[in-house]
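Dumped run-v6.pdb below, it's PDB, C-alpha atoms and all ligand atoms:
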```
ATOM      1  CA  MET S   5       0.000   0.000   0.000
ATOM      2  CA  THR S   6       1.301   3.453  -0.870
ATOM      3  CA  ARG S   7       1.606   5.378   2.316
ATOM      4  CA  GLN S   8       0.526   8.947   1.913
ATOM      5  CA  SER S   9       1.568  11.763   4.136
ATOM      6  CA  GLU S  10       0.094  12.671   7.461
ATOM      7  CA  THR S  11       0.104  16.352   6.448
ATOM      8  CA  GLU S  12      -3.638  16.875   5.994
ATOM      9  CA  LEU S  13      -4.406  15.077   9.235
ATOM     10  CA  GLU S  14      -1.723  17.074  11.066
ATOM     11  CA  ALA S  15      -3.258  20.301   9.771
ATOM     12  CA  GLN S  16      -6.676  19.279  11.048
ATOM     13  CA  LEU S  17      -5.323  18.262  14.447
ATOM     14  CA  ALA S  18      -3.506  21.595  14.730
ATOM     15  CA  ALA S  19      -6.679  23.475  13.735
ATOM     16  CA  ARG S  20      -8.435  21.854  16.710
ATOM     17  CA  GLY S  21      -5.561  22.629  19.024
ATOM     18  CA  TRP S  22      -4.770  18.916  19.361
ATOM     19  CA  PRO S  23      -1.160  17.768  19.645
ATOM     20  CA  GLY S  24       0.363  15.885  16.706
ATOM     21  CA  ARG S  25       0.312  12.107  16.675
ATOM     22  CA  PRO S  26       3.461  10.186  17.485
ATOM     23  CA  LEU S  27       4.630   7.173  15.393
ATOM     24  CA  THR S  28       2.923   8.166  12.156
ATOM     25  CA  ASP S  29       4.942   5.867   9.871
ATOM     26  CA  GLU S  30       3.490   2.597  11.090
ATOM     27  CA  PRO S  31       1.571   0.309   8.698
ATOM     28  CA  LEU S  32      -2.229   0.370   8.743
ATOM     29  CA  ALA S  33      -2.647  -2.365  11.366
ATOM     30  CA  ALA S  34      -0.529  -0.479  13.919
ATOM     31  CA  ASP S  35      -1.666   2.957  12.797
ATOM     32  CA  VAL S  36      -5.314   2.206  13.534
ATOM     33  CA  LEU S  37      -4.250   1.281  17.075
ATOM     34  CA  ASN S  38      -2.429   4.618  17.251
ATOM     35  CA  THR S  39      -5.534   6.644  16.467
ATOM     36  CA  ARG S  40      -5.598   7.010  20.255
ATOM     37  CA  TRP S  41      -2.677   8.611  21.977
ATOM     38  CA  LEU S  42      -1.669  10.483  25.099
ATOM     39  CA  ALA S  43      -0.051  13.869  25.376
ATOM     40  CA  GLY S  44       1.012  14.144  29.003
ATOM     41  CA  THR S  45      -2.052  12.859  30.812
ATOM     42  CA  ASP S  46      -4.524  14.030  28.146
ATOM     43  CA  ALA S  47      -6.018  11.322  25.935
ATOM     44  CA  TYR S  48      -6.921  11.940  22.286
ATOM     45  CA  ASP S  49      -8.925   9.783  19.910
ATOM     46  CA  LEU S  50      -9.260  10.842  16.300
ATOM     47  CA  LEU S  51     -11.919   8.189  15.659
ATOM     48  CA  GLU S  52     -14.286  10.327  17.726
ATOM     49  CA  GLU S  53     -14.514  12.883  14.925
ATOM     50  CA  ASP S  54     -15.758  12.499  11.346
ATOM     51  CA  ALA S  55     -13.337  14.952   9.707
ATOM     52  CA  LEU S  56     -10.289  13.530  11.483
ATOM     53  CA  THR S  57     -11.325   9.994  10.601
ATOM     54  CA  LEU S  58     -11.744  10.960   6.941
ATOM     55  CA  ALA S  59      -8.289  12.586   6.888
ATOM     56  CA  TRP S  60      -6.835   9.472   8.512
ATOM     57  CA  LEU S  61      -8.520   7.194   5.936
ATOM     58  CA  ASP S  62      -7.225   9.410   3.148
ATOM     59  CA  LYS S  63      -3.694   9.041   4.462
ATOM     60  CA  HIS S  64      -4.055   5.289   3.971
ATOM     61  CA  GLY S  65      -5.648   5.644   0.547
ATOM     62  CA  LEU S  66      -8.988   4.401   1.877
ATOM     63  CA  ASP S  67     -12.355   5.900   0.948
ATOM     64  CA  ALA S  68     -15.011   6.187   3.613
ATOM     65  CA  GLY S  69     -17.547   4.786   1.128
ATOM     66  CA  ALA S  70     -20.378   5.183   3.652
ATOM     67  CA  ALA S  71     -21.600   7.538   6.365
ATOM     68  CA  ALA S  72     -18.568   8.606   8.404
ATOM     69  CA  ALA S  73     -20.281   7.837  11.720
ATOM     70  CA  ASP S  74     -20.832   4.203  10.680
ATOM     71  CA  VAL S  75     -17.292   3.868   9.376
ATOM     72  CA  ARG S  76     -15.959   5.266  12.661
ATOM     73  CA  ARG S  77     -18.066   2.826  14.697
ATOM     74  CA  HIS S  78     -16.686  -0.146  12.783
ATOM     75  CA  LEU S  79     -13.151   1.226  12.969
ATOM     76  CA  ARG S  80     -13.370   1.607  16.756
ATOM     77  CA  GLU S  81     -14.614  -1.959  16.977
ATOM     78  CA  ALA S  82     -11.720  -3.098  14.772
ATOM     79  CA  ARG S  83      -9.270  -1.156  16.933
ATOM     80  CA  CYS S  84     -10.454  -3.065  20.034
ATOM     81  CA  ALA S  85     -10.249  -6.375  18.190
ATOM     82  CA  LEU S  86      -6.742  -5.683  16.907
ATOM     83  CA  ALA S  87      -5.535  -4.562  20.341
ATOM     84  CA  ALA S  88      -6.920  -7.769  21.871
ATOM     85  CA  ALA S  89      -5.227  -9.970  19.263
ATOM     86  CA  VAL S  90      -1.905  -8.156  19.712
ATOM     87  CA  ALA S  91      -2.089  -8.372  23.517
ATOM     88  CA  ASP S  92      -2.950 -12.086  23.431
ATOM     89  CA  PRO S  93      -2.378 -14.012  20.172
ATOM     90  CA  SER S  94      -5.094 -16.505  21.143
ATOM     91  CA  ASP S  95      -7.685 -13.727  21.571
ATOM     92  CA  THR S  96      -8.766 -13.624  17.922
ATOM     93  CA  ALA S  97     -12.540 -14.161  18.113
ATOM     94  CA  ALA S  98     -13.437 -10.480  17.702
ATOM     95  CA  LEU S  99     -10.881 -10.044  14.933
ATOM     96  CA  ASN S 100     -12.215 -13.051  13.075
ATOM     97  CA  ARG S 101     -15.768 -11.721  13.323
ATOM     98  CA  ILE S 102     -14.569  -8.609  11.494
ATOM     99  CA  LEU S 103     -12.697 -10.654   8.883
ATOM    100  CA  ASP S 104     -15.908 -12.633   8.278
ATOM    101  CA  HIS S 105     -17.378  -9.565   6.574
ATOM    102  CA  GLY S 106     -15.028  -9.753   3.608
ATOM    103  CA  ARG S 107     -12.754 -11.858   1.483
ATOM    104  CA  ILE S 108      -9.925 -11.519  -1.005
ATOM    105  CA  ARG S 109     -10.730 -12.436  -4.576
ATOM    106  CA  LEU S 110      -7.720 -13.749  -6.449
ATOM    107  CA  SER S 111      -7.123 -13.326 -10.143
ATOM    108  CA  LEU S 112      -4.217 -13.373 -12.515
ATOM    109  CA  ASP S 113      -3.184 -10.778 -15.065
ATOM    110  CA  ALA S 114      -0.047 -10.140 -17.133
ATOM    111  CA  GLU S 115       1.682  -8.624 -14.086
ATOM    112  CA  GLY S 116       0.910 -11.559 -11.819
ATOM    113  CA  THR S 117      -1.516 -12.255  -9.001
ATOM    114  CA  VAL S 118      -4.117  -9.614  -8.253
ATOM    115  CA  GLU S 119      -5.807  -9.588  -4.862
ATOM    116  CA  THR S 120      -9.091  -7.708  -4.735
ATOM    117  CA  PRO S 121     -10.678  -7.168  -1.329
ATOM    118  CA  GLU S 122     -14.434  -7.656  -1.361
ATOM    119  CA  VAL S 123     -16.432  -6.389   1.592
ATOM    120  CA  ALA S 124     -20.212  -6.501   1.229
ATOM    121  CA  ASP S 125     -20.959  -3.584   3.576
ATOM    122  CA  PRO S 126     -19.080  -0.412   2.498
ATOM    123  CA  ALA S 127     -19.228   0.928   6.070
ATOM    124  CA  ARG S 128     -17.094  -2.034   7.135
ATOM    125  CA  TYR S 129     -14.513  -1.769   4.378
ATOM    126  CA  ALA S 130     -11.913   0.294   6.273
ATOM    127  CA  ALA S 131     -12.314  -1.809   9.433
ATOM    128  CA  TRP S 132     -11.915  -4.980   7.403
ATOM    129  CA  MET S 133      -8.776  -3.589   5.720
ATOM    130  CA  CYS S 134      -7.254  -2.902   9.159
ATOM    131  CA  ALA S 135      -7.964  -6.464  10.273
ATOM    132  CA  ARG S 136      -6.634  -7.807   6.986
ATOM    133  CA  ASP S 137      -3.458  -5.780   7.406
ATOM    134  CA  LEU S 138      -2.919  -7.343  10.829
ATOM    135  CA  THR S 139      -3.125 -10.811   9.282
ATOM    136  CA  ARG S 140      -0.526  -9.686   6.729
ATOM    137  CA  VAL S 141       1.852  -8.289   9.365
ATOM    138  CA  MET S 142       1.358 -11.323  11.621
ATOM    139  CA  SER S 143       2.280 -13.696   8.803
ATOM    140  CA  GLU S 144       5.173 -11.613   7.440
ATOM    141  CA  ALA S 145       6.612 -10.734  10.834
ATOM    142  CA  PRO S 146       5.158 -12.976  13.567
ATOM    143  CA  GLY S 147       5.363 -11.468  17.038
ATOM    144  CA  ARG S 148       6.609  -8.141  15.722
ATOM    145  CA  VAL S 149       3.448  -6.111  16.359
ATOM    146  CA  ARG S 150       3.709  -4.883  19.900
ATOM    147  CA  LYS S 151       2.253  -2.462  22.376
ATOM    148  CA  CYS S 152       4.756  -0.088  23.951
ATOM    149  CA  ALA S 153       6.121  -1.699  27.145
ATOM    150  CA  ASN S 154       5.358   1.427  29.174
ATOM    151  CA  PRO S 155       2.052   0.352  30.797
ATOM    152  CA  PRO S 156       0.101   3.624  30.510
ATOM    153  CA  CYS S 157       1.258   4.221  26.913
ATOM    154  CA  VAL S 158      -1.335   3.087  24.359
ATOM    155  CA  LEU S 159       0.898   3.172  21.264
ATOM    156  CA  HIS S 160       1.707   0.160  19.098
ATOM    157  CA  PHE S 161       4.434  -0.460  16.552
ATOM    158  CA  VAL S 162       5.776  -3.087  14.188
ATOM    159  CA  ASP S 163       9.291  -3.938  15.285
ATOM    160  CA  THR S 164      11.430  -3.856  12.130
ATOM    161  CA  SER S 165      14.751  -3.983  13.988
ATOM    162  CA  ARG S 166      17.114  -6.826  13.060
ATOM    163  CA  LYS S 167      17.135  -8.359  16.537
ATOM    164  CA  GLY S 168      13.461  -7.789  17.207
ATOM    165  CA  GLU S 169      14.020  -6.485  20.721
ATOM    166  CA  ARG S 170      12.293  -3.133  20.409
ATOM    167  CA  ARG S 171      10.157  -2.463  23.486
ATOM    168  CA  TRP S 172       9.215   1.202  23.375
ATOM    169  CA  CYS S 173       7.220   3.434  21.060
ATOM    170  CA  SER S 174      10.116   5.821  21.486
ATOM    171  CA  MET S 175      13.338   5.457  23.441
ATOM    172  CA  ALA S 176      13.313   9.228  24.015
ATOM    173  CA  VAL S 177       9.867   9.181  25.638
ATOM    174  CA  CYS S 178       8.816   5.853  27.151
ATOM    175  CA  GLY S 179      12.249   4.174  27.158
ATOM    176  CA  ASN S 180      13.840   6.910  29.219
ATOM    177  CA  ARG S 181      10.867   7.087  31.551
ATOM    178  CA  ALA S 182      11.248   3.375  32.289
ATOM    179  CA  LYS S 183      14.987   3.781  32.802
ATOM    180  CA  ALA S 184      14.415   6.627  35.266
ATOM    181  CA  GLN S 185      11.806   4.527  37.066
ATOM    182  CA  ARG S 186      14.249   1.592  37.389
ATOM    183  CA  HIS S 187      16.896   3.976  38.672
ATOM    184  CA  ARG S 188      14.527   5.375  41.308
ATOM    185  CA  THR S 189      13.534   1.859  42.386
ATOM    186  CA  ARG S 190      17.175   0.781  42.711
ATOM    187  CA  HIS S 191      18.107   3.912  44.580
ATOM    188  CA  HIS S 192      15.153   3.551  46.906
ATOM    189  CA  GLY S 193      15.986  -0.132  47.464
ATOM    190  CA  ALA S 194      19.585   0.716  48.474
ATOM    191  CA  THR S 195      18.630   3.150  51.240
TER
HETATM  192 ZN    ZN F   1       5.239   4.403  24.626
END
```
Could you express the structure from this file as structure tokens?
Amino acid sequence: MTRQSETELEAQLAARGWPGRPLTDEPLAADVLNTRWLAGTDAYDLLEEDALTLAWLDKHGLDAGAAAADVRRHLREARCALAAAVADPSDTAALNRILDHGRIRLSLDAEGTVETPEVADPARYAAWMCARDLTRVMSEAPGRVRKCANPPCVLHFVDTSRKGERRWCSMAVCGNRAKAQRHRTRHHGAT
């Protein structure tokens, strides 16, 4: 999938006085999880607003194709299902219910195999594509979709590092916070 820029979405967030989103280069499956984020202790959720959701879909080359409120409802449901499957690889029932709404039709042309997603209900198309992208990531890079190891942080990422030991959304933010916490614990323990 061609990844388009976050620019339009950033402009809309700024116009509302919302902070920018972190981790904007993640693939669809992780990016839908990152439609919620924290800035300090304030929580933001772009799937609560039609215009932000449309800008987010546009970034991923997805059309709403139906009433934005319905698309948002299905996307929020997909976000929960994806988070559950990432947190516990055996917790796939909700994800599979979403995948049940569509299929991939295979065909062949001069260039090779063509995969065409078919989702009967247009309002579910974007949600289905998110779930489908998780199946893709899980098969291409098993175990590499992770939630940030900082418990309050809600961000997810696909670990593309060679060793596969990435734990934090960002070393500068959550990694350092955890390091400082360990330091405080050690220091406290020694006195
Ligand atoms: Zn984090």
Item to complete: List all protein, DNA and RNA residues that have at least one atom no more than 9 Å from any atom of ligand ZN 1 (chain F), counting all atoms listed in the file, and write them as an MDAnalysis selection string.
Response: chainID S and resid 151:160 171:175 177:179
Contact table range 133-162 of chain S vs range 18-42 of chain S, cut-off 9 Å, shortest pair per residue, only C-alpha atoms, as JSON lines:
```
{"residue": "S:Met133", "atom": "CA", "partner": "S:Leu32", "partner_atom": "CA", "distance": 8.2}
{"residue": "S:Cys134", "atom": "CA", "partner": "S:Ala33", "partner_atom": "CA", "distance": 5.1}
{"residue": "S:Ala135", "atom": "CA", "partner": "S:Ala33", "partner_atom": "CA", "distance": 6.8}
{"residue": "S:Arg136", "atom": "CA", "partner": "S:Ala33", "partner_atom": "CA", "distance": 8.0}
{"residue": "S:Asp137", "atom": "CA", "partner": "S:Ala33", "partner_atom": "CA", "distance": 5.3}
{"residue": "S:Leu138", "atom": "CA", "partner": "S:Ala33", "partner_atom": "CA", "distance": 5.0}
{"residue": "S:Thr139", "atom": "CA", "partner": "S:Ala33", "partner_atom": "CA", "distance": 8.7}
{"residue": "S:Arg140", "atom": "CA", "partner": "S:Ala33", "partner_atom": "CA", "distance": 8.9}
{"residue": "S:Val141", "atom": "CA", "partner": "S:Ala33", "partner_atom": "CA", "distance": 7.7}
{"residue": "S:Val149", "atom": "CA", "partner": "S:Ala34", "partner_atom": "CA", "distance": 7.3}
{"residue": "S:Arg150", "atom": "CA", "partner": "S:Ala34", "partner_atom": "CA", "distance": 8.6}
{"residue": "S:Pro156", "atom": "CA", "partner": "S:Leu42", "partner_atom": "CA", "distance": 8.9}
{"residue": "S:Cys157", "atom": "CA", "partner": "S:Leu42", "partner_atom": "CA", "distance": 7.1}
{"residue": "S:Val158", "atom": "CA", "partner": "S:Trp41", "partner_atom": "CA", "distance": 6.2}
{"residue": "S:Leu159", "atom": "CA", "partner": "S:Asn38", "partner_atom": "CA", "distance": 5.4}
{"residue": "S:His160", "atom": "CA", "partner": "S:Ala34", "partner_atom": "CA", "distance": 5.7}
{"residue": "S:Phe161", "atom": "CA", "partner": "S:Ala34", "partner_atom": "CA", "distance": 5.6}
{"residue": "S:Val162", "atom": "CA", "partner": "S:Ala34", "partner_atom": "CA", "distance": 6.8}
```
Kindly compute an axis-aligned box around the listed atoms of range 69-80 of chain S, allowing 5 Å on each side, and express its centre and edge lengths in Å to one decimal as JSON.
```
{"center_x": -17.4, "center_y": 4.2, "center_z": 8.9, "size_x": 18.4, "size_y": 18.8, "size_z": 25.6}
```
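We find CA of Glu115 in chain S and CA of Trp132 in chain S to be spaced 25.7 Å apart.
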Practice prompt. Using all atoms listed in the file, pick whichever of S:Ala88, S:Ala72, S:Leu66, S:Leu17 has the shortest atom-to-atom distance to Tyr48 in chain S.
Written response: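 Among S:Ala88, S:Ala72, S:Leu66, S:Leu17, it is S:Leu17 that comes nearest to Tyr48 in chain S.
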Worksheet item: Separation of CA of Thr57 in chain S and CA of Arg101 in chain S, in Å?
Response: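 CA of Thr57 in chain S sits 22.3 Å away from CA of Arg101 in chain S.
Among the candidates S:Arg170, S:Glu81, S:Asp74, S:Glu122, the one nearest to Leu110 in chain S when counting only C-alpha atoms is S:Glu122.
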Discussion item. So the first atom is CA of Ala145 in chain S and the second is CA of Ala91 in chain S; what is the distance between them in Å, to one decimal place?
Written reply: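 We find that CA of Ala145 in chain S and CA of Ala91 in chain S lie 15.6 Å from each other.
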Worksheet item: Written as JSON, numbers by chain, what is the full residue list that the PyMOL selection byres (((chain S and resi 12) around 9) and not hetatm) yields on the file shown?
Response: {"S": [9, 10, 11, 13, 14, 15, 16, 17, 59, 60, 62, 63]}
Requested write-out: C-alpha atoms of the selected residues, as a compact mmCIF listing (two decimals), in the coordinates of the input:
```txt
# COMPACT_ATOMS: atom_id res chain seq x y z
CA SER S 9 1.57 11.76 4.14
CA GLU S 10 0.09 12.67 7.46
CA THR S 11 0.10 16.35 6.45
CA LEU S 13 -4.41 15.08 9.24
CA GLU S 14 -1.72 17.07 11.07
CA ALA S 15 -3.26 20.30 9.77
CA GLN S 16 -6.68 19.28 11.05
CA LEU S 17 -5.32 18.26 14.45
CA ALA S 59 -8.29 12.59 6.89
CA TRP S 60 -6.84 9.47 8.51
CA ASP S 62 -7.22 9.41 3.15
CA LYS S 63 -3.69 9.04 4.46
```
Discussion item. Measuring between all atoms listed in the file, which one of S:Arg80, S:Arg107, S:His191, S:Arg148 shows the shortest distance to Thr120 in chain S?
Written reply: S:Arg107
Fill in: Nearest-residue call for Gly147 in chain S, choices S:Ala73, S:Cys84, S:Leu56, S:Val90, using all atoms listed in the file
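Of the candidates, the smallest distance to Gly147 in chain S is held by S:Val90.
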Discussion item. Between S:Ser165, S:Asp95, S:Gly69, S:Glu144, which residue has the minimum interatomic distance to Val123 in chain S, considering all atoms listed in the file?
Written reply: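 Nearest candidate to Val123 in chain S out of S:Ser165, S:Asp95, S:Gly69, S:Glu144: S:Gly69.
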Worksheet item: Pick from S:Asp92, S:Ser143, S:Arg77, S:Ala82: nearest to Glu53 in chain S, with all atoms listed in the file counted?
Response: S:Arg77
How would you write, as a PDB file with C-alpha atoms, keeping the file's coordinate frame, the residues chosen by the PyMOL selection byres (((chain S and resi 127) around 7) and not hetatm) on this structure?
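File written: selection-v4.pdb
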```
ATOM      1  CA  GLY S  69     -17.547   4.786   1.128  1.00  0.00           C
ATOM      2  CA  ALA S  70     -20.378   5.183   3.652  1.00  0.00           C
ATOM      3  CA  ASP S  74     -20.832   4.203  10.680  1.00  0.00           C
ATOM      4  CA  VAL S  75     -17.292   3.868   9.376  1.00  0.00           C
ATOM      5  CA  ASP S 125     -20.959  -3.584   3.576  1.00  0.00           C
ATOM      6  CA  PRO S 126     -19.080  -0.412   2.498  1.00  0.00           C
ATOM      7  CA  ARG S 128     -17.094  -2.034   7.135  1.00  0.00           C
ATOM      8  CA  TYR S 129     -14.513  -1.769   4.378  1.00  0.00           C
TER       9      TYR S 129
END
```
